[in-house]
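work.pdb (PDB, C-alpha atoms)
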ATOM      1  CA  MET A   1     -36.927   1.636  51.211
ATOM      2  CA  ARG A   2     -34.303   1.142  48.541
ATOM      3  CA  VAL A   3     -31.137   0.539  50.521
ATOM      4  CA  THR A   4     -28.755   1.785  47.830
ATOM      5  CA  GLN A   5     -30.533   5.150  47.851
ATOM      6  CA  GLU A   6     -29.994   5.794  51.573
ATOM      7  CA  PRO A   7     -26.437   7.094  52.154
ATOM      8  CA  VAL A   8     -26.640   6.667  55.936
ATOM      9  CA  LEU A   9     -26.686   2.877  55.517
ATOM     10  CA  ARG A  10     -23.116   3.081  54.196
ATOM     11  CA  ARG A  11     -22.046   4.111  57.713
ATOM     12  CA  PHE A  12     -22.631   0.683  59.280
ATOM     13  CA  TRP A  13     -20.492  -2.448  59.386
ATOM     14  CA  TYR A  14     -21.714  -5.468  57.410
ATOM     15  CA  SER A  15     -20.671  -9.115  57.393
ATOM     16  CA  THR A  16     -19.481 -10.221  53.956
ATOM     17  CA  LEU A  17     -17.597 -13.518  53.503
ATOM     18  CA  PRO A  18     -15.893 -16.010  55.835
ATOM     19  CA  LEU A  19     -12.259 -15.085  56.387
ATOM     20  CA  GLU A  20     -11.275 -18.564  55.204
ATOM     21  CA  ALA A  21     -12.694 -17.778  51.757
ATOM     22  CA  LEU A  22      -9.826 -15.312  51.250
ATOM     23  CA  ARG A  23      -6.976 -17.668  52.158
ATOM     24  CA  GLN A  24      -6.334 -18.850  48.616
ATOM     25  CA  ARG A  25      -7.254 -15.883  46.439
ATOM     26  CA  PRO A  26      -9.071 -12.517  46.428
ATOM     27  CA  GLN A  27     -12.847 -12.615  46.245
ATOM     28  CA  PRO A  28     -15.505 -10.322  44.754
ATOM     29  CA  PHE A  29     -18.382  -9.080  46.887
ATOM     30  CA  GLN A  30     -21.168  -6.589  46.301
ATOM     31  CA  LEU A  31     -22.245  -4.311  49.166
ATOM     32  CA  LEU A  32     -25.004  -1.722  48.793
ATOM     33  CA  GLY A  33     -24.506  -1.887  45.039
ATOM     34  CA  GLU A  34     -20.737  -1.322  45.238
ATOM     35  CA  LYS A  35     -18.639  -4.057  43.638
ATOM     36  CA  LEU A  36     -15.701  -4.774  45.962
ATOM     37  CA  VAL A  37     -12.620  -6.969  46.041
ATOM     38  CA  LEU A  38     -11.711  -8.575  49.365
ATOM     39  CA  TRP A  39      -8.309 -10.049  50.185
ATOM     40  CA  LEU A  40      -5.838 -10.644  53.016
ATOM     41  CA  ASP A  41      -2.797  -8.418  53.422
ATOM     42  CA  ALA A  42       0.658  -9.610  54.473
ATOM     43  CA  ALA A  43      -0.393  -9.600  58.138
ATOM     44  CA  GLY A  44      -3.461 -11.739  57.403
ATOM     45  CA  ARG A  45      -5.860  -8.828  57.900
ATOM     46  CA  PRO A  46      -8.824  -8.421  55.551
ATOM     47  CA  ALA A  47      -8.777  -5.537  53.076
ATOM     48  CA  ALA A  48     -11.558  -4.119  50.903
ATOM     49  CA  MET A  49     -11.426  -1.949  47.798
ATOM     50  CA  LEU A  50     -13.488  -1.156  44.724
ATOM     51  CA  ASP A  51     -13.200  -4.026  42.269
ATOM     52  CA  ARG A  52     -11.931  -1.819  39.429
ATOM     53  CA  CYS A  53      -8.349  -0.964  38.596
ATOM     54  CA  CYS A  54      -7.878   2.793  38.142
ATOM     55  CA  HIS A  55      -5.892   2.126  34.965
ATOM     56  CA  ARG A  56      -8.186   0.317  32.533
ATOM     57  CA  THR A  57     -10.971  -0.831  34.919
ATOM     58  CA  ALA A  58     -10.103  -4.530  34.994
ATOM     59  CA  ARG A  59     -11.637  -6.452  37.890
ATOM     60  CA  LEU A  60      -9.042  -6.751  40.641
ATOM     61  CA  SER A  61     -10.812  -9.800  42.058
ATOM     62  CA  GLN A  62      -9.576 -11.721  39.014
ATOM     63  CA  GLY A  63      -5.999 -10.889  39.960
ATOM     64  CA  LYS A  64      -3.862 -12.304  42.743
ATOM     65  CA  VAL A  65      -2.261 -11.287  46.028
ATOM     66  CA  CYS A  66       1.494 -10.581  45.966
ATOM     67  CA  GLN A  67       3.053 -10.181  49.419
ATOM     68  CA  GLY A  68      -0.182  -8.739  50.756
ATOM     69  CA  GLN A  69      -0.858  -6.370  47.825
ATOM     70  CA  ILE A  70      -3.646  -6.930  45.316
ATOM     71  CA  GLN A  71      -2.308  -7.258  41.765
ATOM     72  CA  CYS A  72      -4.363  -6.263  38.730
ATOM     73  CA  PRO A  73      -4.719  -9.158  36.242
ATOM     74  CA  TYR A  74      -4.411  -6.829  33.233
ATOM     75  CA  HIS A  75      -1.106  -4.923  33.587
ATOM     76  CA  GLY A  76       0.171  -6.148  36.959
ATOM     77  CA  TRP A  77      -0.250  -2.915  38.906
ATOM     78  CA  GLU A  78      -0.242  -3.603  42.647
ATOM     79  CA  PHE A  79      -2.248  -1.792  45.341
ATOM     80  CA  ASN A  80      -1.975  -1.792  49.143
ATOM     81  CA  ARG A  81      -4.916  -1.974  51.572
ATOM     82  CA  GLN A  82      -5.220   1.843  51.519
ATOM     83  CA  GLY A  83      -5.822   1.698  47.756
ATOM     84  CA  SER A  84      -2.515   3.309  46.783
ATOM     85  CA  CYS A  85      -0.614   1.869  43.841
ATOM     86  CA  VAL A  86       2.756   0.587  45.077
ATOM     87  CA  LYS A  87       4.065  -1.099  41.927
ATOM     88  CA  VAL A  88       3.811  -0.445  38.191
ATOM     89  CA  PRO A  89       5.967  -2.992  36.293
ATOM     90  CA  GLN A  90       6.040  -0.781  33.202
ATOM     91  CA  LEU A  91       7.750   2.169  34.925
ATOM     92  CA  ARG A  92      11.511   2.716  34.715
ATOM     93  CA  PRO A  93      13.409   2.567  38.038
ATOM     94  CA  GLU A  94      13.879   6.359  38.141
ATOM     95  CA  GLU A  95      10.156   7.047  37.568
ATOM     96  CA  ARG A  96       7.827   7.624  40.516
ATOM     97  CA  ILE A  97       4.313   6.273  40.791
ATOM     98  CA  PRO A  98       1.866   9.205  40.534
ATOM     99  CA  ALA A  99      -0.278   9.779  43.628
ATOM    100  CA  SER A 100      -3.359   9.688  41.405
ATOM    101  CA  TYR A 101      -2.820   5.958  40.829
ATOM    102  CA  LYS A 102      -5.307   5.070  43.546
ATOM    103  CA  VAL A 103      -8.442   2.964  44.028
ATOM    104  CA  PRO A 104     -11.089   3.783  46.702
ATOM    105  CA  ALA A 105     -10.518   1.557  49.743
ATOM    106  CA  PHE A 106     -12.830   0.835  52.680
ATOM    107  CA  LEU A 107     -12.653  -0.205  56.318
ATOM    108  CA  ALA A 108     -12.383  -3.971  56.845
ATOM    109  CA  GLN A 109     -12.065  -6.099  59.994
ATOM    110  CA  GLU A 110     -12.348  -9.745  60.986
ATOM    111  CA  ARG A 111     -14.948 -10.646  63.608
ATOM    112  CA  TYR A 112     -16.492 -14.031  64.483
ATOM    113  CA  GLY A 113     -14.692 -15.651  61.551
ATOM    114  CA  TYR A 114     -16.150 -13.243  58.974
ATOM    115  CA  VAL A 115     -14.903 -10.181  57.119
ATOM    116  CA  TRP A 116     -16.843  -7.043  58.075
ATOM    117  CA  VAL A 117     -16.783  -3.980  55.813
ATOM    118  CA  CYS A 118     -17.938  -0.383  56.251
ATOM    119  CA  LEU A 119     -18.216   1.872  53.202
ATOM    120  CA  SER A 120     -17.626   5.012  55.269
ATOM    121  CA  ASP A 121     -14.600   6.093  57.284
ATOM    122  CA  ARG A 122     -17.031   7.379  59.940
ATOM    123  CA  PRO A 123     -19.083   4.378  61.122
ATOM    124  CA  LEU A 124     -22.133   5.226  63.200
ATOM    125  CA  ALA A 125     -21.738   2.078  65.339
ATOM    126  CA  ASP A 126     -19.271  -0.685  66.107
ATOM    127  CA  ILE A 127     -19.509  -4.197  64.711
ATOM    128  CA  PRO A 128     -22.417  -5.806  66.644
ATOM    129  CA  ALA A 129     -21.218  -7.409  69.868
ATOM    130  CA  VAL A 130     -21.636 -11.112  70.656
ATOM    131  CA  PRO A 131     -19.990 -11.377  74.101
ATOM    132  CA  GLU A 132     -20.763 -15.083  74.423
ATOM    133  CA  VAL A 133     -18.190 -15.804  71.702
ATOM    134  CA  GLU A 134     -15.542 -15.410  74.420
ATOM    135  CA  ASP A 135     -17.507 -17.458  76.978
ATOM    136  CA  PRO A 136     -15.940 -20.948  77.308
ATOM    137  CA  GLN A 137     -19.261 -22.532  78.272
ATOM    138  CA  PHE A 138     -20.589 -21.956  74.750
ATOM    139  CA  TRP A 139     -19.555 -23.742  71.559
ATOM    140  CA  ARG A 140     -20.287 -22.437  68.085
ATOM    141  CA  VAL A 141     -21.447 -23.738  64.707
ATOM    142  CA  HIS A 142     -21.402 -21.611  61.557
ATOM    143  CA  THR A 143     -24.616 -22.488  59.779
ATOM    144  CA  TYR A 144     -24.600 -20.547  56.518
ATOM    145  CA  ASN A 145     -23.372 -17.478  54.653
ATOM    146  CA  GLU A 146     -25.344 -17.108  51.457
ATOM    147  CA  ARG A 147     -27.371 -14.844  49.209
ATOM    148  CA  TRP A 148     -31.129 -14.571  49.715
ATOM    149  CA  ASP A 149     -33.228 -12.637  47.228
ATOM    150  CA  CYS A 150     -35.056 -10.585  49.821
ATOM    151  CA  ALA A 151     -34.671  -7.324  51.725
ATOM    152  CA  GLY A 152     -32.761  -7.425  55.003
ATOM    153  CA  LEU A 153     -35.590  -5.600  56.765
ATOM    154  CA  ARG A 154     -38.050  -8.330  55.732
ATOM    155  CA  LEU A 155     -35.805 -10.917  57.396
ATOM    156  CA  MET A 156     -35.400  -8.824  60.552
ATOM    157  CA  GLU A 157     -39.155  -8.443  60.858
ATOM    158  CA  ASN A 158     -39.617 -12.152  60.207
ATOM    159  CA  VAL A 159     -37.450 -13.334  63.113
ATOM    160  CA  PHE A 160     -39.542 -11.210  65.527
ATOM    161  CA  ASP A 161     -42.840 -12.396  64.037
ATOM    162  CA  ASN A 162     -44.505 -14.996  66.279
ATOM    163  CA  ALA A 163     -47.536 -15.121  63.990
ATOM    164  CA  HIS A 164     -45.950 -17.103  61.155
ATOM    165  CA  PHE A 165     -44.669 -20.077  63.188
ATOM    166  CA  SER A 166     -47.850 -22.173  62.896
ATOM    167  CA  ILE A 167     -48.126 -21.482  59.162
ATOM    168  CA  VAL A 168     -44.561 -21.494  57.795
ATOM    169  CA  HIS A 169     -42.699 -23.795  60.185
ATOM    170  CA  THR A 170     -45.010 -26.808  60.199
ATOM    171  CA  GLY A 171     -42.134 -29.120  59.284
ATOM    172  CA  THR A 172     -39.843 -28.057  62.128
ATOM    173  CA  PHE A 173     -41.401 -26.503  65.240
ATOM    174  CA  GLY A 174     -44.666 -24.734  64.364
ATOM    175  CA  ASP A 175     -47.840 -25.873  66.136
ATOM    176  CA  THR A 176     -50.761 -25.783  63.706
ATOM    177  CA  GLU A 177     -53.196 -26.258  66.595
ATOM    178  CA  ASN A 178     -52.107 -22.962  68.185
ATOM    179  CA  PRO A 179     -52.188 -20.253  65.498
ATOM    180  CA  VAL A 180     -52.660 -17.381  67.955
ATOM    181  CA  PRO A 181     -49.184 -15.854  68.376
ATOM    182  CA  ALA A 182     -47.544 -15.676  71.788
ATOM    183  CA  SER A 183     -47.616 -12.305  73.494
ATOM    184  CA  PHE A 184     -44.365 -10.430  74.053
ATOM    185  CA  GLU A 185     -42.761  -7.568  75.931
ATOM    186  CA  LEU A 186     -41.289  -4.940  73.603
ATOM    187  CA  ILE A 187     -38.492  -2.607  74.716
ATOM    188  CA  GLU A 188     -37.177   0.229  72.563
ATOM    189  CA  LEU A 189     -33.411   0.738  72.686
ATOM    190  CA  GLU A 190     -31.295   3.577  71.335
ATOM    191  CA  ASP A 191     -29.878   1.414  68.537
ATOM    192  CA  GLY A 192     -32.647  -1.150  68.149
ATOM    193  CA  ILE A 193     -35.299  -3.114  70.019
ATOM    194  CA  ARG A 194     -35.534  -6.042  72.428
ATOM    195  CA  THR A 195     -38.397  -8.443  73.036
ATOM    196  CA  HIS A 196     -39.088 -11.073  75.684
ATOM    197  CA  THR A 197     -41.528 -13.865  74.947
ATOM    198  CA  THR A 198     -42.337 -17.482  75.781
ATOM    199  CA  VAL A 199     -43.420 -19.528  72.781
ATOM    200  CA  PRO A 200     -45.011 -22.998  72.897
ATOM    201  CA  VAL A 201     -43.528 -25.132  70.117
ATOM    202  CA  LYS A 202     -44.156 -28.549  68.612
ATOM    203  CA  ASN A 203     -40.730 -29.969  67.834
ATOM    204  CA  ASN A 204     -40.174 -32.526  65.104
ATOM    205  CA  PRO A 205     -38.216 -35.716  66.016
ATOM    206  CA  LEU A 206     -34.904 -34.235  64.908
ATOM    207  CA  GLN A 207     -35.271 -31.219  67.171
ATOM    208  CA  ARG A 208     -36.450 -33.326  70.122
ATOM    209  CA  GLN A 209     -33.149 -35.175  69.784
ATOM    210  CA  ASN A 210     -31.199 -31.925  69.436
ATOM    211  CA  VAL A 211     -32.554 -30.225  72.549
ATOM    212  CA  GLY A 212     -32.709 -33.353  74.692
ATOM    213  CA  ILE A 213     -36.437 -33.071  75.430
ATOM    214  CA  PRO A 214     -38.382 -36.214  74.415
ATOM    215  CA  GLU A 215     -41.813 -34.593  74.638
ATOM    216  CA  GLU A 216     -43.208 -33.288  71.365
ATOM    217  CA  ARG A 217     -44.406 -30.004  72.877
ATOM    218  CA  THR A 218     -42.224 -27.717  74.955
ATOM    219  CA  LEU A 219     -41.565 -24.039  75.618
ATOM    220  CA  ARG A 220     -38.926 -21.711  74.266
ATOM    221  CA  ILE A 221     -38.093 -18.614  76.303
ATOM    222  CA  TYR A 222     -36.768 -15.930  73.959
ATOM    223  CA  GLU A 223     -34.820 -12.738  74.425
ATOM    224  CA  LYS A 224     -34.487 -11.214  70.962
ATOM    225  CA  ASN A 225     -32.390  -8.186  69.997
ATOM    226  CA  TRP A 226     -32.467  -6.192  66.783
ATOM    227  CA  MET A 227     -29.595  -3.793  66.089
ATOM    228  CA  LEU A 228     -29.688  -1.137  63.383
ATOM    229  CA  PRO A 229     -29.839  -1.705  60.560
ATOM    230  CA  PHE A 230     -30.061  -5.481  59.889
ATOM    231  CA  THR A 231     -28.574  -7.550  62.719
ATOM    232  CA  TYR A 232     -30.378 -10.018  64.995
ATOM    233  CA  ARG A 233     -29.222 -11.804  68.130
ATOM    234  CA  ALA A 234     -31.387 -14.093  70.255
ATOM    235  CA  ARG A 235     -31.011 -16.082  73.463
ATOM    236  CA  VAL A 236     -33.286 -19.136  73.541
ATOM    237  CA  ALA A 237     -33.713 -21.025  76.813
ATOM    238  CA  TYR A 238     -35.384 -24.435  77.223
ATOM    239  CA  PRO A 239     -36.935 -25.916  80.400
ATOM    240  CA  ASN A 240     -34.047 -28.419  80.770
ATOM    241  CA  GLY A 241     -31.420 -25.644  81.072
ATOM    242  CA  LEU A 242     -30.192 -25.687  77.474
ATOM    243  CA  VAL A 243     -29.444 -22.215  76.119
ATOM    244  CA  THR A 244     -28.974 -21.536  72.415
ATOM    245  CA  LEU A 245     -27.677 -18.235  71.077
ATOM    246  CA  ILE A 246     -28.543 -17.290  67.499
ATOM    247  CA  PHE A 247     -26.742 -14.623  65.473
ATOM    248  CA  MET A 248     -27.953 -13.460  62.084
ATOM    249  CA  SER A 249     -27.070 -10.491  59.904
ATOM    250  CA  ALA A 250     -28.516  -9.453  56.566
ATOM    251  CA  THR A 251     -25.961  -7.572  54.484
ATOM    252  CA  PRO A 252     -27.571  -5.551  51.656
ATOM    253  CA  ILE A 253     -26.036  -6.662  48.362
ATOM    254  CA  ASP A 254     -28.280  -4.312  46.405
ATOM    255  CA  ASP A 255     -31.939  -3.248  46.461
ATOM    256  CA  THR A 256     -33.244  -6.782  45.963
ATOM    257  CA  ALA A 257     -30.851  -9.201  47.700
ATOM    258  CA  SER A 258     -29.019  -9.778  50.985
ATOM    259  CA  GLN A 259     -26.056 -11.852  52.114
ATOM    260  CA  ILE A 260     -27.230 -13.774  55.176
ATOM    261  CA  THR A 261     -24.693 -14.713  57.846
ATOM    262  CA  HIS A 262     -25.962 -17.147  60.485
ATOM    263  CA  PHE A 263     -24.303 -18.993  63.348
ATOM    264  CA  PHE A 264     -25.479 -20.408  66.655
ATOM    265  CA  MET A 265     -23.965 -21.293  70.011
ATOM    266  CA  ARG A 266     -24.970 -23.713  72.778
ATOM    267  CA  ASN A 267     -24.071 -24.091  76.440
ATOM    268  CA  ASP A 268     -24.068 -27.905  76.638
ATOM    269  CA  ASP A 269     -21.246 -30.397  76.101
ATOM    270  CA  PRO A 270     -20.465 -30.616  72.359
ATOM    271  CA  ALA A 271     -19.123 -34.136  72.826
ATOM    272  CA  GLY A 272     -22.637 -35.343  73.572
ATOM    273  CA  VAL A 273     -24.324 -33.509  70.702
ATOM    274  CA  ASP A 274     -24.773 -34.510  67.074
ATOM    275  CA  ALA A 275     -23.637 -31.193  65.591
ATOM    276  CA  ASP A 276     -24.636 -32.291  62.104
ATOM    277  CA  ALA A 277     -28.201 -32.929  63.283
ATOM    278  CA  VAL A 278     -28.357 -29.488  64.903
ATOM    279  CA  PHE A 279     -27.014 -27.987  61.682
ATOM    280  CA  ARG A 280     -29.631 -29.800  59.586
ATOM    281  CA  PHE A 281     -32.496 -28.584  61.770
ATOM    282  CA  ASN A 282     -31.353 -24.966  61.555
ATOM    283  CA  ARG A 283     -31.014 -25.278  57.788
ATOM    284  CA  ALA A 284     -34.541 -26.694  57.571
ATOM    285  CA  VAL A 285     -35.949 -23.744  59.528
ATOM    286  CA  ALA A 286     -34.061 -21.328  57.274
ATOM    287  CA  ALA A 287     -35.385 -23.033  54.136
ATOM    288  CA  GLU A 288     -38.971 -22.612  55.339
ATOM    289  CA  ASP A 289     -38.415 -18.894  55.908
ATOM    290  CA  ARG A 290     -36.480 -18.386  52.692
ATOM    291  CA  ASP A 291     -39.214 -19.911  50.527
ATOM    292  CA  ILE A 292     -41.608 -17.207  51.731
ATOM    293  CA  LEU A 293     -39.267 -14.242  52.119
ATOM    294  CA  GLU A 294     -38.017 -14.520  48.542
ATOM    295  CA  THR A 295     -41.599 -13.961  47.352
ATOM    296  CA  THR A 296     -41.951 -10.658  49.261
ATOM    297  CA  HIS A 297     -41.395  -7.249  47.705
ATOM    298  CA  PRO A 298     -37.842  -6.022  48.372
ATOM    299  CA  ASP A 299     -38.815  -2.350  48.588
ATOM    300  CA  VAL A 300     -40.091  -2.353  52.176
ATOM    301  CA  PRO A 301     -42.207   0.769  52.753
ATOM    302  CA  LEU A 302     -41.325   2.830  55.803
ATOM    303  CA  ASN A 303     -44.672   4.566  55.386
ATOM    304  CA  LEU A 304     -46.866   2.468  57.689
ATOM    305  CA  GLU A 305     -49.980   3.128  55.629
ATOM    306  CA  ALA A 306     -48.567   1.271  52.626
ATOM    307  CA  GLU A 307     -49.123  -2.203  54.162
ATOM    308  CA  GLN A 308     -51.644  -3.618  56.609
ATOM    309  CA  HIS A 309     -50.593  -4.678  60.123
ATOM    310  CA  MET A 310     -51.703  -6.709  63.152
ATOM    311  CA  LEU A 311     -50.669  -6.799  66.821
ATOM    312  CA  ALA A 312     -47.828  -9.296  66.211
ATOM    313  CA  ASP A 313     -46.252  -6.801  63.794
ATOM    314  CA  LYS A 314     -45.383  -4.275  66.519
ATOM    315  CA  PRO A 315     -41.630  -5.097  66.480
ATOM    316  CA  GLY A 316     -41.495  -4.609  62.718
ATOM    317  CA  ILE A 317     -43.474  -1.381  62.939
ATOM    318  CA  LEU A 318     -40.974  -0.023  65.453
ATOM    319  CA  MET A 319     -38.089  -1.115  63.193
ATOM    320  CA  ARG A 320     -39.590   0.854  60.316
ATOM    321  CA  ARG A 321     -40.079   3.907  62.502
ATOM    322  CA  LYS A 322     -36.493   3.785  63.771
ATOM    323  CA  LEU A 323     -35.091   3.373  60.261
ATOM    324  CA  ALA A 324     -37.235   6.268  59.026
ATOM    325  CA  ALA A 325     -35.959   8.426  61.905
ATOM    326  CA  LEU A 326     -32.334   7.418  61.144
ATOM    327  CA  ILE A 327     -32.707   8.348  57.475
ATOM    328  CA  LYS A 328     -34.385  11.658  58.327
ATOM    329  CA  ALA A 329     -31.682  12.544  60.870
ATOM    330  CA  HIS A 330     -28.922  11.982  58.310
ATOM    331  CA  SER A 331     -30.646  13.178  55.164
TER
END

Once you've parsed the file, please lay out its structure as structure tokens.
Amino acid sequence: MRVTQEPVLRRFWYSTLPLEALRQRPQPFQLLGEKLVLWLDAAGRPAAMLDRCCHRTARLSQGKVCQGQIQCPYHGWEFNRQGSCVKVPQLRPEERIPASYKVPAFLAQERYGYVWVCLSDRPLADIPAVPEVEDPQFWRVHTYNERWDCAGLRLMENVFDNAHFSIVHTGTFGDTENPVPASFELIELEDGIRTHTTVPVKNNPLQRQNVGIPEERTLRIYEKNWMLPFTYRARVAYPNGLVTLIFMSATPIDDTASQITHFFMRNDDPAGVDADAVFRFNRAVAAEDRDILETTHPDVPLNLEAEQHMLADKPGILMRRKLAALIKAHS
């Protein structure tokens, strides 16, 4: 599946950059092959537009923001969040700005500290919900927002794959003595899937400190949710009552790369937790996955006969079937 060739994928919201990245200047971002400029308008709301001036195609992301309008760095034309040109310095006072002076603009919203963009004015779904963000018993850490050279679907399949823990995650929580993957309950939802599973893990010293369980081996009780097309949310419970929520989205930059947004939340007292240690463990887990995922082929086949499968791949198989059905329904 080449994501840029499937128009229906333009009808979903995708996480792009942290809102804070736009405080000082506009920023470029590529989404599904489209080169965009992101900035904040006068009200502090994110805006998104093609990163090409309609005059002589200069990159607007190299310009600046003037009272909430994006200014082209070449001739100083200014555009509002709807893409309409509102100022042309070269025009005489009596001259009007032609309506054709316009750049394609897109939907943009802030959510969870990030700028979300949809390339269609008719989204098929809302921005994925994380209700615990409003729950005062949980505190949050933003782990990373970065480019990975892999397909978003590969990452979504990976986080549901219990079979790779004992092979890939030997430095963090994988148990090499138990390579047989934990069984799981798989539930198909209208907009995704959900699994329930209990996984025995072998935590390294850093993670034993982070979760407050001194024993090397413990259990993780997972509820995992995948939401079309490339969003993952998990609730991880430990025997001592600690609950960790994980949010991850894979925004398709183009056919070969994804922008990965990741943050986690916990229900314990942040004053008693070394947040930097928790951050470092999550980064270590991500590095183990990234090393492998960036070697996989980015064109994930939705035809199930193109790759071989095993029982632990059932969540990924269902993802491929649901994406194939989505594409067929909107072809």

Do you know which residues the PyMOL selection byres ((chain A and resi 228-243) around 8) returns on this file, as a ChimeraX atom specification?
/A:9,12,128,152-153,156,191-192,211-213,218-227,244-251,266-268,323

Please evaluate the PyMOL selection byres ((chain A and resi 199) around 10) against the structure above and give the resulting residues as a PDB file with C-alpha atoms, in the frame of the given file.
ATOM      1  CA  ASN A 162     -44.505 -14.996  66.279  1.00  0.00           C
ATOM      2  CA  PHE A 165     -44.669 -20.077  63.188  1.00  0.00           C
ATOM      3  CA  GLY A 174     -44.666 -24.734  64.364  1.00  0.00           C
ATOM      4  CA  PRO A 181     -49.184 -15.854  68.376  1.00  0.00           C
ATOM      5  CA  ALA A 182     -47.544 -15.676  71.788  1.00  0.00           C
ATOM      6  CA  SER A 183     -47.616 -12.305  73.494  1.00  0.00           C
ATOM      7  CA  PHE A 184     -44.365 -10.430  74.053  1.00  0.00           C
ATOM      8  CA  HIS A 196     -39.088 -11.073  75.684  1.00  0.00           C
ATOM      9  CA  THR A 197     -41.528 -13.865  74.947  1.00  0.00           C
ATOM     10  CA  THR A 198     -42.337 -17.482  75.781  1.00  0.00           C
ATOM     11  CA  PRO A 200     -45.011 -22.998  72.897  1.00  0.00           C
ATOM     12  CA  VAL A 201     -43.528 -25.132  70.117  1.00  0.00           C
ATOM     13  CA  LYS A 202     -44.156 -28.549  68.612  1.00  0.00           C
ATOM     14  CA  THR A 218     -42.224 -27.717  74.955  1.00  0.00           C
ATOM     15  CA  LEU A 219     -41.565 -24.039  75.618  1.00  0.00           C
ATOM     16  CA  ARG A 220     -38.926 -21.711  74.266  1.00  0.00           C
ATOM     17  CA  ILE A 221     -38.093 -18.614  76.303  1.00  0.00           C
ATOM     18  CA  TYR A 222     -36.768 -15.930  73.959  1.00  0.00           C
TER      19      TYR A 222
END

Distance CA of Glu34 in chain A-CA of Asp254 in chain A, one decimal place?
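Interatomic distance here is 8.2 Å.
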
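Taking CA of Ala43 in chain A and CA of Lys102 in chain A as endpoints, the distance between them is 21.3 Å.
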
Explicit residues for the PyMOL selection byres ((chain A and resi 110-124) around 6) (as an NGL selection string)
:A and (10-19 or 106-109 or 125)

Write out the residues from the selection above, keeping C-alpha atoms, as a CSV table (one decimal), keeping the file's coordinate frame.
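Here's the written file part-v2.csv:
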chain,number,residue,atom,x,y,z
A,10,ARG,CA,-23.1,3.1,54.2
A,11,ARG,CA,-22.0,4.1,57.7
A,12,PHE,CA,-22.6,0.7,59.3
A,13,TRP,CA,-20.5,-2.4,59.4
A,14,TYR,CA,-21.7,-5.5,57.4
A,15,SER,CA,-20.7,-9.1,57.4
A,16,THR,CA,-19.5,-10.2,54.0
A,17,LEU,CA,-17.6,-13.5,53.5
A,18,PRO,CA,-15.9,-16.0,55.8
A,19,LEU,CA,-12.3,-15.1,56.4
A,106,PHE,CA,-12.8,0.8,52.7
A,107,LEU,CA,-12.7,-0.2,56.3
A,108,ALA,CA,-12.4,-4.0,56.8
A,109,GLN,CA,-12.1,-6.1,60.0
A,125,ALA,CA,-21.7,2.1,65.3

Residue nearest Glu177 in chain A among A:Gly68, A:Ser84, A:Arg217, A:Cys53 (counting all atoms listed in the file):
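For Glu177 in chain A, the nearest of the candidates is A:Arg217.
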
Restricting to all atoms listed in the file, whichever of A:Asp291, A:Phe264, A:His297, A:Ala306 is closest to Val133 in chain A is A:Phe264

I'd like the neighbourhood of Glu132 in chain A as a PyMOL selection string, where a residue qualifies if any of its atoms comes within 10 Å (using only C-alpha atoms), though same-chain residues fewer than 3 positions away should be ignored.
chain A and resi 129+135-140+245+265-267

Suppose you want the space between CA of Asp51 in chain A and CA of Thr4 in chain A; what is it in Å?
17.5 Å

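Distances here use only C-alpha atoms; by that measure, the residue among A:Arg154, A:Arg25, A:Arg96, A:His142 closest to Leu293 in chain A is A:Arg154.
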